[in-house]
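*Asks:* Input structure: query_11.cif, which contains mmCIF, C-alpha atoms.
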```cif
data_protein
#
loop_
_atom_site.label_atom_id
_atom_site.label_comp_id
_atom_site.auth_asym_id
_atom_site.auth_seq_id
_atom_site.Cartn_x
_atom_site.Cartn_y
_atom_site.Cartn_z
CA MET F 105 108.15 120.34 81.89
CA THR F 106 109.72 123.75 82.35
CA LEU F 107 110.43 125.18 85.79
CA LYS F 108 107.85 127.92 85.23
CA THR F 109 105.14 125.43 84.26
CA ARG F 110 105.94 123.20 87.23
CA ASN F 111 105.70 126.12 89.66
CA ARG F 112 102.34 127.11 88.20
CA LEU F 113 101.11 123.56 88.67
CA LEU F 114 102.26 123.54 92.30
CA ARG F 115 100.57 126.89 93.00
CA ALA F 116 97.34 125.68 91.39
CA LEU F 117 97.43 122.53 93.53
CA PHE F 118 98.11 124.68 96.62
CA VAL F 119 95.05 126.85 95.92
CA PHE F 120 92.95 123.75 95.22
CA SER F 121 94.03 122.17 98.52
CA ILE F 122 93.18 125.35 100.44
CA VAL F 123 89.71 125.43 98.85
CA CYS F 124 89.18 121.75 99.73
CA CYS F 125 90.26 122.37 103.33
CA ALA F 126 87.90 125.34 103.60
CA LEU F 127 84.92 123.42 102.19
CA LEU F 128 85.57 120.44 104.48
CA ALA F 129 85.89 122.77 107.49
CA VAL F 130 82.60 124.53 106.72
CA THR F 131 80.82 121.19 106.21
CA LEU F 132 82.25 119.78 109.44
CA ILE F 133 81.25 122.84 111.47
CA ALA F 134 77.73 122.76 110.01
CA ALA F 135 77.41 119.08 110.92
CA PHE F 136 78.56 119.69 114.50
CA VAL F 137 76.21 122.65 114.93
CA THR F 138 73.22 120.67 113.66
CA GLY F 139 74.18 117.51 115.56
CA SER F 140 74.56 115.56 112.33
CA VAL F 141 77.81 113.75 113.10
CA VAL F 142 77.21 109.98 113.17
CA PRO F 143 80.21 107.90 114.40
CA PRO F 144 80.68 104.46 112.82
CA THR F 145 78.46 101.78 114.38
CA ASP F 146 78.30 98.73 112.09
CA THR F 147 82.06 98.69 111.57
CA GLU F 148 84.44 96.35 109.80
CA LEU F 149 88.07 96.04 110.86
CA SER F 150 90.88 95.88 108.34
CA ASP F 151 93.40 93.03 108.65
CA ALA F 152 95.90 95.37 110.29
CA GLN F 153 93.30 96.64 112.76
CA THR F 154 92.24 93.06 113.60
CA LYS F 155 95.83 92.26 114.54
CA MET F 156 95.85 95.31 116.83
CA GLN F 157 92.91 94.01 118.89
CA TYR F 158 95.24 92.21 121.30
CA ALA F 159 97.16 95.44 121.89
CA ARG F 160 93.85 97.21 122.56
CA ARG F 161 92.96 94.70 125.26
CA VAL F 162 96.36 94.93 126.94
CA LEU F 163 97.12 98.65 126.50
CA PRO F 164 94.38 101.05 127.61
CA PHE F 165 95.80 103.94 125.59
CA MET F 166 95.24 101.97 122.37
CA GLN F 167 91.48 102.09 122.79
CA TYR F 168 89.29 103.29 119.94
CA HIS F 169 88.33 106.99 119.91
CA PHE F 170 86.20 108.50 117.17
CA ALA F 171 87.85 111.89 117.83
CA ALA F 172 91.29 110.40 117.07
CA THR F 173 90.03 109.20 113.68
CA MET F 174 88.63 112.62 112.77
CA ILE F 175 91.81 114.40 113.89
CA ALA F 176 93.96 111.95 111.91
CA ILE F 177 91.99 112.70 108.74
CA GLY F 178 92.32 116.42 109.47
CA VAL F 179 96.08 116.05 109.89
CA LEU F 180 96.35 114.37 106.46
CA VAL F 181 94.24 117.05 104.79
CA LEU F 182 96.08 120.00 106.37
CA TYR F 183 99.42 118.32 105.68
CA VAL F 184 98.90 118.84 101.93
CA PRO F 185 98.77 122.69 101.75
CA ALA F 186 101.42 122.96 104.48
CA THR F 187 103.82 120.76 102.51
CA LEU F 188 103.01 122.49 99.23
CA PHE F 189 103.79 125.86 100.82
CA PHE F 190 107.17 124.49 101.91
CA ILE F 191 107.87 123.04 98.44
CA ILE F 192 106.93 126.26 96.62
CA ALA F 193 109.20 128.30 98.88
CA TYR F 194 112.07 125.79 99.00
CA PHE F 195 112.12 124.42 95.44
CA GLU F 196 111.05 127.47 93.45
CA ASN F 197 114.36 127.65 91.58
CA THR F 198 115.30 123.97 91.81
CA GLN F 199 114.80 121.90 88.65
CA SER F 200 113.72 118.63 90.27
CA SER F 201 111.50 116.19 88.39
CA GLU F 202 110.86 114.34 91.66
CA ILE F 203 108.74 117.26 92.85
CA ILE F 204 106.16 116.56 90.13
CA PHE F 205 105.69 113.03 91.41
CA PHE F 206 105.61 114.31 94.99
CA ALA F 207 102.77 116.59 93.94
CA GLY F 208 100.94 113.42 92.86
CA VAL F 209 101.61 111.95 96.31
CA LEU F 210 100.08 115.02 97.94
CA LEU F 211 97.07 114.87 95.65
CA GLY F 212 96.58 111.25 96.71
CA ILE F 213 96.77 112.21 100.39
CA LEU F 214 94.27 115.03 99.83
CA CYS F 215 91.79 112.39 98.65
CA GLU F 216 91.62 111.16 102.26
CA GLY F 217 89.59 114.28 103.02
CA VAL F 218 86.44 112.59 101.69
CA ARG F 219 86.53 110.33 104.78
CA LEU F 220 85.51 113.37 106.82
CA LEU F 221 82.22 113.47 104.91
CA ILE F 222 81.22 109.85 105.55
CA PRO F 223 80.17 110.27 109.23
CA LEU F 224 78.44 113.60 108.50
CA PHE F 225 74.72 113.99 107.81
CA SER F 226 74.32 110.17 107.93
CA LEU F 227 76.11 109.82 104.59
CA GLY F 228 77.72 106.57 105.72
CA LEU F 229 74.27 105.09 106.37
CA SER F 230 73.00 105.90 102.91
CA PHE F 231 73.53 104.29 99.53
CA SER F 232 73.75 107.59 97.67
CA ARG F 233 75.92 108.39 94.69
CA LEU F 234 77.86 110.81 96.89
CA LEU F 235 78.89 107.93 99.15
CA PHE F 236 80.04 105.85 96.17
CA PHE F 237 81.93 108.84 94.77
CA ALA F 238 83.64 109.55 98.11
CA ALA F 239 84.68 105.89 98.44
CA ARG F 240 86.13 105.82 94.90
CA VAL F 241 88.08 109.03 95.49
CA MET F 242 89.57 107.59 98.67
CA VAL F 243 90.68 104.41 96.87
CA VAL F 244 92.20 106.43 94.00
CA GLY F 245 94.29 108.32 96.54
CA ARG F 246 95.50 105.16 98.26
CA PHE F 247 96.81 103.80 94.98
CA ALA F 248 98.18 107.15 93.78
CA VAL F 249 100.50 107.66 96.77
CA PRO F 250 102.63 104.48 96.34
CA LEU F 251 102.46 104.64 92.53
CA CYS F 252 103.74 108.22 92.38
CA PHE F 253 106.55 107.41 94.81
CA PHE F 254 107.43 104.36 92.71
CA CYS F 255 107.61 106.56 89.59
CA MET F 256 109.77 109.02 91.51
CA ALA F 257 112.27 106.29 92.35
CA VAL F 258 112.30 104.61 88.93
CA PHE F 259 111.83 107.44 86.42
CA SER F 260 114.05 110.23 87.77
CA GLU F 261 117.20 109.54 85.79
CA ALA F 262 118.42 112.37 83.52
CA HIS F 263 117.45 110.56 80.28
CA GLN F 264 113.89 109.99 81.58
CA ARG F 265 113.07 113.54 82.60
CA GLN F 266 111.55 114.38 79.22
CA ASP F 267 108.82 111.85 79.98
CA VAL F 268 107.87 113.15 83.45
CA GLU F 269 104.44 114.41 82.37
CA ARG F 270 103.64 111.11 80.64
CA ASN F 271 104.73 108.99 83.59
CA PHE F 272 102.87 111.25 86.02
CA THR F 273 99.68 110.97 83.96
CA VAL F 274 100.03 107.19 83.65
CA ALA F 275 100.41 106.85 87.45
CA LEU F 276 97.22 108.83 88.13
CA ALA F 277 95.30 107.07 85.34
CA LEU F 278 96.36 103.65 86.63
CA SER F 279 95.25 104.64 90.13
CA ALA F 280 91.82 105.60 88.79
CA MET F 281 91.52 102.37 86.79
CA LEU F 282 92.44 100.19 89.78
CA ALA F 283 89.98 102.05 92.01
CA ALA F 284 87.20 101.74 89.44
CA GLY F 285 87.69 97.97 89.28
CA LEU F 286 87.29 97.33 93.02
CA PRO F 287 83.84 96.49 94.43
CA LEU F 288 82.62 98.53 97.40
CA ASN F 289 80.82 97.35 100.52
CA THR F 290 78.76 100.45 101.29
CA ALA F 291 76.71 98.56 103.87
CA GLN F 292 79.56 98.98 106.34
CA MET F 293 82.35 101.36 107.22
CA THR F 294 85.58 100.85 109.10
CA THR F 295 86.46 102.44 112.43
CA THR F 296 88.52 104.95 110.41
CA CYS F 297 85.43 106.17 108.48
CA ALA F 298 86.41 104.36 105.29
CA ILE F 299 84.25 102.19 103.04
CA PRO F 300 85.61 98.62 102.80
CA THR F 301 86.55 97.38 99.34
CA GLY F 302 86.69 93.96 97.78
CA PHE F 303 90.01 92.18 97.23
CA ALA F 304 91.36 94.00 100.30
CA THR F 305 94.24 91.57 100.81
CA ALA F 306 95.30 91.82 97.16
CA SER F 307 95.16 95.64 97.32
CA VAL F 308 97.30 95.77 100.44
CA LEU F 309 99.76 93.29 98.93
CA PHE F 310 99.98 95.37 95.73
CA ARG F 311 100.77 98.53 97.70
CA ALA F 312 103.28 96.63 99.87
CA VAL F 313 105.09 95.37 96.76
CA LEU F 314 105.20 98.91 95.36
CA PHE F 315 106.63 100.13 98.66
CA ALA F 316 109.34 97.44 98.64
CA LEU F 317 110.24 98.12 95.00
CA THR F 318 110.43 101.85 95.72
CA VAL F 319 112.79 101.32 98.66
CA LEU F 320 114.94 99.00 96.52
CA SER F 321 115.03 101.48 93.62
CA PHE F 322 116.02 104.40 95.86
CA TRP F 323 118.75 102.28 97.49
CA LEU F 324 120.13 101.00 94.17
CA ASN F 325 120.22 104.54 92.77
CA ALA F 326 122.07 105.67 95.89
CA GLY F 327 124.70 102.99 95.34
CA LYS F 328 124.92 103.67 91.61
CA HIS F 329 125.56 107.39 92.13
CA ALA F 330 127.44 107.00 95.45
CA SER F 331 125.03 109.53 96.91
CA MET F 332 124.60 109.91 100.67
CA GLU F 333 121.53 112.11 100.04
CA LEU F 334 119.78 109.29 98.16
CA LYS F 335 120.57 106.85 100.95
CA LYS F 336 119.06 109.23 103.50
CA MET F 337 116.05 109.79 101.21
CA THR F 338 115.47 106.03 101.24
CA LEU F 339 115.36 105.94 105.02
CA TYR F 340 113.13 109.00 105.27
CA TYR F 341 110.81 107.57 102.63
CA VAL F 342 110.35 104.58 104.95
CA ALA F 343 109.57 107.01 107.81
CA PHE F 344 107.12 108.91 105.59
CA PHE F 345 105.29 105.77 104.52
CA ALA F 346 105.15 104.45 108.09
CA GLY F 347 103.60 107.71 109.27
CA TYR F 348 101.17 107.83 106.36
CA THR F 349 100.06 104.23 106.99
CA LEU F 350 99.62 104.80 110.73
CA LEU F 351 97.42 107.82 110.05
CA LEU F 352 95.30 105.75 107.65
CA LEU F 353 94.81 103.22 110.45
CA ALA F 354 94.60 105.77 113.27
CA ASP F 355 91.51 105.19 115.40
CA SER F 356 93.36 105.76 118.69
CA PHE F 357 95.40 108.67 119.98
CA VAL F 358 98.65 106.69 120.19
CA LEU F 359 98.48 105.83 116.47
CA LEU F 360 97.57 109.46 115.73
CA ILE F 361 100.63 110.79 117.60
CA LEU F 362 103.07 108.23 116.19
CA GLY F 363 101.76 108.66 112.65
CA THR F 364 101.90 112.45 112.75
CA ALA F 365 105.46 112.46 114.11
CA ALA F 366 106.72 109.94 111.53
CA LEU F 367 104.97 111.67 108.61
CA ALA F 368 106.27 115.12 109.56
CA THR F 369 109.84 113.91 110.16
CA GLY F 370 109.94 111.76 107.03
CA THR F 371 108.56 114.50 104.80
CA MET F 372 110.80 117.33 105.99
CA GLN F 373 113.99 115.28 105.90
CA PHE F 374 113.13 113.65 102.57
CA LEU F 375 112.57 117.04 100.92
CA ARG F 376 115.65 118.60 102.54
CA ASN F 377 117.89 115.80 101.25
CA LEU F 378 116.27 116.07 97.82
CA HIS F 379 117.07 119.79 97.83
CA ARG F 380 120.69 119.08 98.83
CA LEU F 381 120.93 116.50 96.06
CA TYR F 382 120.10 119.09 93.39
CA LYS F 383 122.00 121.88 95.12
CA TRP F 384 125.29 120.09 94.46
CA LYS F 385 124.48 119.22 90.84
#
```
Could you spell out this file's structure in structure tokens?

*Replies:*
Amino acid sequence: MTLKTRNRLLRALFVFSIVCCALLAVTLIAAFVTGSVVPPTDTELSDAQTKMQYARRVLPFMQYHFAATMIAIGVLVLYVPATLFFIIAYFENTQSSEIIFFAGVLLGILCEGVRLLIPLFSLGLSFSRLLFFAARVMVVGRFAVPLCFFCMAVFSEAHQRQDVERNFTVALALSAMLAAGLPLNTAQMTTTCAIPTGFATASVLFRAVLFALTVLSFWLNAGKHASMELKKMTLYYVAFFAGYTLLLLADSFVLLILGTAALATGTMQFLRNLHRLYKWK
């Protein structure tokens, strides 16, 4: 992919993310004005949230707040155009194949925006096609983020850069296939306004394995090329993923604050070290 084509793709994704943010904002405002916001009632806790129940009983500031969930989703959605703006300005003349995969990561995060729709207009209490579609989109995004990062770590060597488009397409297609194969429990929603899926433990384990393999690949590449930037990118990738995961689980203000701080720090430092890596090449 040429630099010009990549920049066009990034600008198109930036415009698309702005349009999505605008549509979600209008829908949210309309729901608030008409009193059509329905917080989760018949909720199901994820395994990670179940383990946090003890902390909730001991620490008052860990208590569930519907507002924290909605803000966390908003942070993830607004994060996408903000990061794309930074990338377009910072990497406009930098030939980095990693940026293509990072665009896939951002597209996966943007999919979290559909969670804002689930508590609006009683959508989460229905069994409509829109609810099924929103749930599938969310699951696609949750597979796309770790898969695109994994491709970034494994397929960024010089001899593999001719296959960036193919690997990028395979990562998104695999995310869609995995999401399509999971059953949905639309009779419930989690405290984070998500629809529970079947094989939840297997899905979490799959993403955890991808995360571990990505960290290992980044670290091995750093040693292979004796690159301090790659070593720092490994650490900031961990910070990014920690922040991203906390925001997915955020149904309290403490998780919202910690997740936002880790995601922002991890992203900015990861991209800065990536820019330094190509600056010296």

*Asks:* So which residues touch Val244 (chain F) within 6 Å, counting all atoms listed in the file, skipping near sequence neighbours fewer than 6 positions away, as a ChimeraX atom specification?

*Replies:* /F:279-280,283

*Asks:* One decimal, Å: what's the distance from CA of Pro250 (chain F) over to CA of Val313 (chain F), could you say?

*Replies:*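 Between CA of Pro250 (chain F) and CA of Val313 (chain F) the gap is 9.4 Å.
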
*Asks:* Identify the residues around (90.0, 106.5, 93.0) within a radius of 10 Å, measuring from all atoms listed in the file in the coordinates stated by the file, and give them as a list of chain:residue names.

*Replies:* F:Gly212, F:Cys215, F:Phe237, F:Ala238, F:Ala239, F:Arg240, F:Val241, F:Met242, F:Val243, F:Val244, F:Gly245, F:Arg246, F:Phe247, F:Ala248, F:Leu276, F:Ala277, F:Leu278, F:Ser279, F:Ala280, F:Met281, F:Leu282, F:Ala283, F:Ala284, F:Gly285, F:Leu286

*Asks:* When you look at Ala354 (chain F) with a cut-off of 9 Å (counting all atoms listed in the file), what residues show up, excluding the ones that are within fewer than 5 positions of it in the same chain? I need them as a PyMOL selection string.

*Replies:* chain F and resi 168+172-173+176-177+295-296+349+359-361+363

*Asks:* Could you check which of F:Val181, F:Ser307, F:Ala134, F:Ser200 is closest to Thr364 (chain F), using all atoms listed in the file?

*Replies:*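 Answer, going by the shortest atom-to-atom distance: F:Val181.
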
*Asks:* Running the PyMOL selection byres ((chain F and resi 368) around 10) on this model by hand, what would come out? Give it as a list of chain:residue names.

*Replies:*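 Checking the PyMOL selection byres ((chain F and resi 368) around 10) against this file, the residues are F:Tyr183, F:Thr187, F:Ala343, F:Phe344, F:Gly347, F:Tyr348, F:Gly363, F:Thr364, F:Ala365, F:Ala366, F:Leu367, F:Thr369, F:Gly370, F:Thr371, F:Met372, F:Gln373, F:Phe374.
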
*Asks:* Report as a list in words the residues that result from applying the PyMOL selection byres ((chain F and resi 192) around 10) to the structure here.

*Replies:*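 This file gives the following for the PyMOL selection byres ((chain F and resi 192) around 10): Arg110, Asn111, Arg112, Leu114, Arg115, Phe118, Thr187, Leu188, Phe189, Phe190, Ile191, Ala193, Tyr194, Phe195, Glu196, Asn197, Thr198 and Ile203 of chain F.
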
*Asks:* Given the point (111.0, 115.2, 86.4) in the coordinates of this file, which residues lie within 7 Å, counting only C-alpha atoms, and how would they look as a list in words?

*Replies:*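 The distance filter leaves exactly Ser200, Ser201, Glu202, Ile204, Ser260, Arg265 and Val268 of chain F.
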
*Asks:* Could you please determine the separation between CA of Leu221 (chain F) and CA of Ala171 (chain F) in Å, to one decimal place?

*Replies:*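 Computed distance, CA of Leu221 (chain F) to CA of Ala171 (chain F), equals 14.2 Å.
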
*Asks:* When the PyMOL selection byres ((chain F and resi 252) around 10) is applied to the file above, which residues end up in the set, as JSON, numbers by chain?

*Replies:* {"F": [202, 204, 205, 206, 207, 208, 209, 210, 211, 212, 247, 248, 249, 250, 251, 253, 254, 255, 256, 257, 258, 271, 272, 273, 274, 275, 276, 279, 314, 318]}

*Asks:* Using only C-alpha atoms, can you tell me which of F:Ala116, F:Gly139, F:Met166, F:Ala298 comes closest to Leu362 (chain F)?

*Replies:*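 The answer is F:Met166, which sits nearest to Leu362 (chain F).
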
*Asks:* Out of F:Leu353, F:Met332, F:Cys124, F:Leu107, which residue has the shortest atom-to-atom distance to Arg380 (chain F) when counting only C-alpha atoms?

*Replies:*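 Closest residue, counting only C-alpha atoms: F:Met332.
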
*Asks:* Need to verify the contact set: Ala135 (chain F), 9 Å, only C-alpha atoms, exclusion of same-chain residues closer than 5 positions in sequence. Can you return it as number ranges by chain?

*Replies:* F: 130, 140-141, 224-225

*Asks:* Save the residues we just selected, C-alpha atoms, as a CSV table (one decimal), in the frame of the given file?

*Replies:*
```csv
chain,number,residue,atom,x,y,z
F,130,VAL,CA,82.6,124.5,106.7
F,140,SER,CA,74.6,115.6,112.3
F,141,VAL,CA,77.8,113.8,113.1
F,224,LEU,CA,78.4,113.6,108.5
F,225,PHE,CA,74.7,114.0,107.8
```

*Asks:* With the input short on atoms, add N, CA and C atoms back to region 118-145 of chain F and write it as an mmCIF file, in the frame of the given file.

*Replies:*
```cif
data_model
loop_
_atom_site.group_PDB
_atom_site.id
_atom_site.type_symbol
_atom_site.label_atom_id
_atom_site.label_comp_id
_atom_site.auth_asym_id
_atom_site.auth_seq_id
_atom_site.Cartn_x
_atom_site.Cartn_y
_atom_site.Cartn_z
ATOM 1 N N PHE F 118 98.172 124.058 95.294
ATOM 2 C CA PHE F 118 98.110 124.680 96.620
ATOM 3 C C PHE F 118 96.772 125.377 96.823
ATOM 4 N N VAL F 119 96.341 126.154 95.833
ATOM 5 C CA VAL F 119 95.050 126.850 95.920
ATOM 6 C C VAL F 119 93.917 125.835 96.023
ATOM 7 N N PHE F 120 93.984 124.784 95.196
ATOM 8 C CA PHE F 120 92.950 123.750 95.220
ATOM 9 C C PHE F 120 92.870 123.094 96.588
ATOM 10 N N SER F 121 94.022 122.807 97.197
ATOM 11 C CA SER F 121 94.030 122.170 98.520
ATOM 12 C C SER F 121 93.457 123.086 99.587
ATOM 13 N N ILE F 122 93.737 124.383 99.492
ATOM 14 C CA ILE F 122 93.180 125.350 100.440
ATOM 15 C C ILE F 122 91.657 125.394 100.317
ATOM 16 N N VAL F 123 91.161 125.405 99.076
ATOM 17 C CA VAL F 123 89.710 125.430 98.850
ATOM 18 C C VAL F 123 89.065 124.167 99.415
ATOM 19 N N CYS F 124 89.698 123.012 99.195
ATOM 20 C CA CYS F 124 89.180 121.750 99.730
ATOM 21 C C CYS F 124 89.139 121.775 101.254
ATOM 22 N N CYS F 125 90.209 122.274 101.866
ATOM 23 C CA CYS F 125 90.260 122.370 103.330
ATOM 24 C C CYS F 125 89.141 123.271 103.853
ATOM 25 N N ALA F 126 88.927 124.394 103.177
ATOM 26 C CA ALA F 126 87.900 125.340 103.600
ATOM 27 C C ALA F 126 86.503 124.718 103.489
ATOM 28 N N LEU F 127 86.232 124.043 102.385
ATOM 29 C CA LEU F 127 84.920 123.420 102.190
ATOM 30 C C LEU F 127 84.677 122.312 103.217
ATOM 31 N N LEU F 128 85.708 121.505 103.484
ATOM 32 C CA LEU F 128 85.570 120.440 104.480
ATOM 33 C C LEU F 128 85.344 121.030 105.873
ATOM 34 N N ALA F 129 86.041 122.133 106.177
ATOM 35 C CA ALA F 129 85.890 122.770 107.490
ATOM 36 C C ALA F 129 84.471 123.314 107.674
ATOM 37 N N VAL F 130 83.960 123.975 106.650
ATOM 38 C CA VAL F 130 82.600 124.530 106.720
ATOM 39 C C VAL F 130 81.574 123.408 106.888
ATOM 40 N N THR F 131 81.748 122.326 106.117
ATOM 41 C CA THR F 131 80.820 121.190 106.210
ATOM 42 C C THR F 131 80.879 120.545 107.587
ATOM 43 N N LEU F 132 82.079 120.396 108.124
ATOM 44 C CA LEU F 132 82.250 119.780 109.440
ATOM 45 C C LEU F 132 81.617 120.636 110.533
ATOM 46 N N ILE F 133 81.833 121.934 110.471
ATOM 47 C CA ILE F 133 81.250 122.840 111.470
ATOM 48 C C ILE F 133 79.731 122.806 111.400
ATOM 49 N N ALA F 134 79.193 122.813 110.171
ATOM 50 C CA ALA F 134 77.730 122.760 110.010
ATOM 51 C C ALA F 134 77.165 121.472 110.589
ATOM 52 N N ALA F 135 77.875 120.365 110.393
ATOM 53 C CA ALA F 135 77.410 119.080 110.920
ATOM 54 C C ALA F 135 77.422 119.071 112.443
ATOM 55 N N PHE F 136 78.481 119.630 113.039
ATOM 56 C CA PHE F 136 78.560 119.690 114.500
ATOM 57 C C PHE F 136 77.462 120.581 115.073
ATOM 58 N N VAL F 137 77.220 121.716 114.447
ATOM 59 C CA VAL F 137 76.210 122.650 114.930
ATOM 60 C C VAL F 137 74.817 122.038 114.883
ATOM 61 N N THR F 138 74.549 121.280 113.827
ATOM 62 C CA THR F 138 73.220 120.670 113.660
ATOM 63 C C THR F 138 73.116 119.283 114.291
ATOM 64 N N GLY F 139 74.194 118.825 114.935
ATOM 65 C CA GLY F 139 74.180 117.510 115.560
ATOM 66 C C GLY F 139 74.054 116.376 114.562
ATOM 67 N N SER F 140 74.694 116.545 113.415
ATOM 68 C CA SER F 140 74.560 115.560 112.330
ATOM 69 C C SER F 140 75.827 114.736 112.121
ATOM 70 N N VAL F 141 76.620 114.582 113.172
ATOM 71 C CA VAL F 141 77.810 113.750 113.100
ATOM 72 C C VAL F 141 77.457 112.369 113.643
ATOM 73 N N VAL F 142 77.598 111.355 112.798
ATOM 74 C CA VAL F 142 77.210 109.980 113.170
ATOM 75 C C VAL F 142 78.456 109.091 113.181
ATOM 76 N N PRO F 143 79.028 108.776 114.347
ATOM 77 C CA PRO F 143 80.210 107.900 114.400
ATOM 78 C C PRO F 143 79.892 106.524 113.842
ATOM 79 N N PRO F 144 80.905 105.807 113.359
ATOM 80 C CA PRO F 144 80.680 104.460 112.820
ATOM 81 C C PRO F 144 80.082 103.535 113.879
ATOM 82 N N THR F 145 79.091 102.748 113.459
ATOM 83 C CA THR F 145 78.460 101.780 114.380
ATOM 84 C C THR F 145 78.666 100.357 113.865
#
```
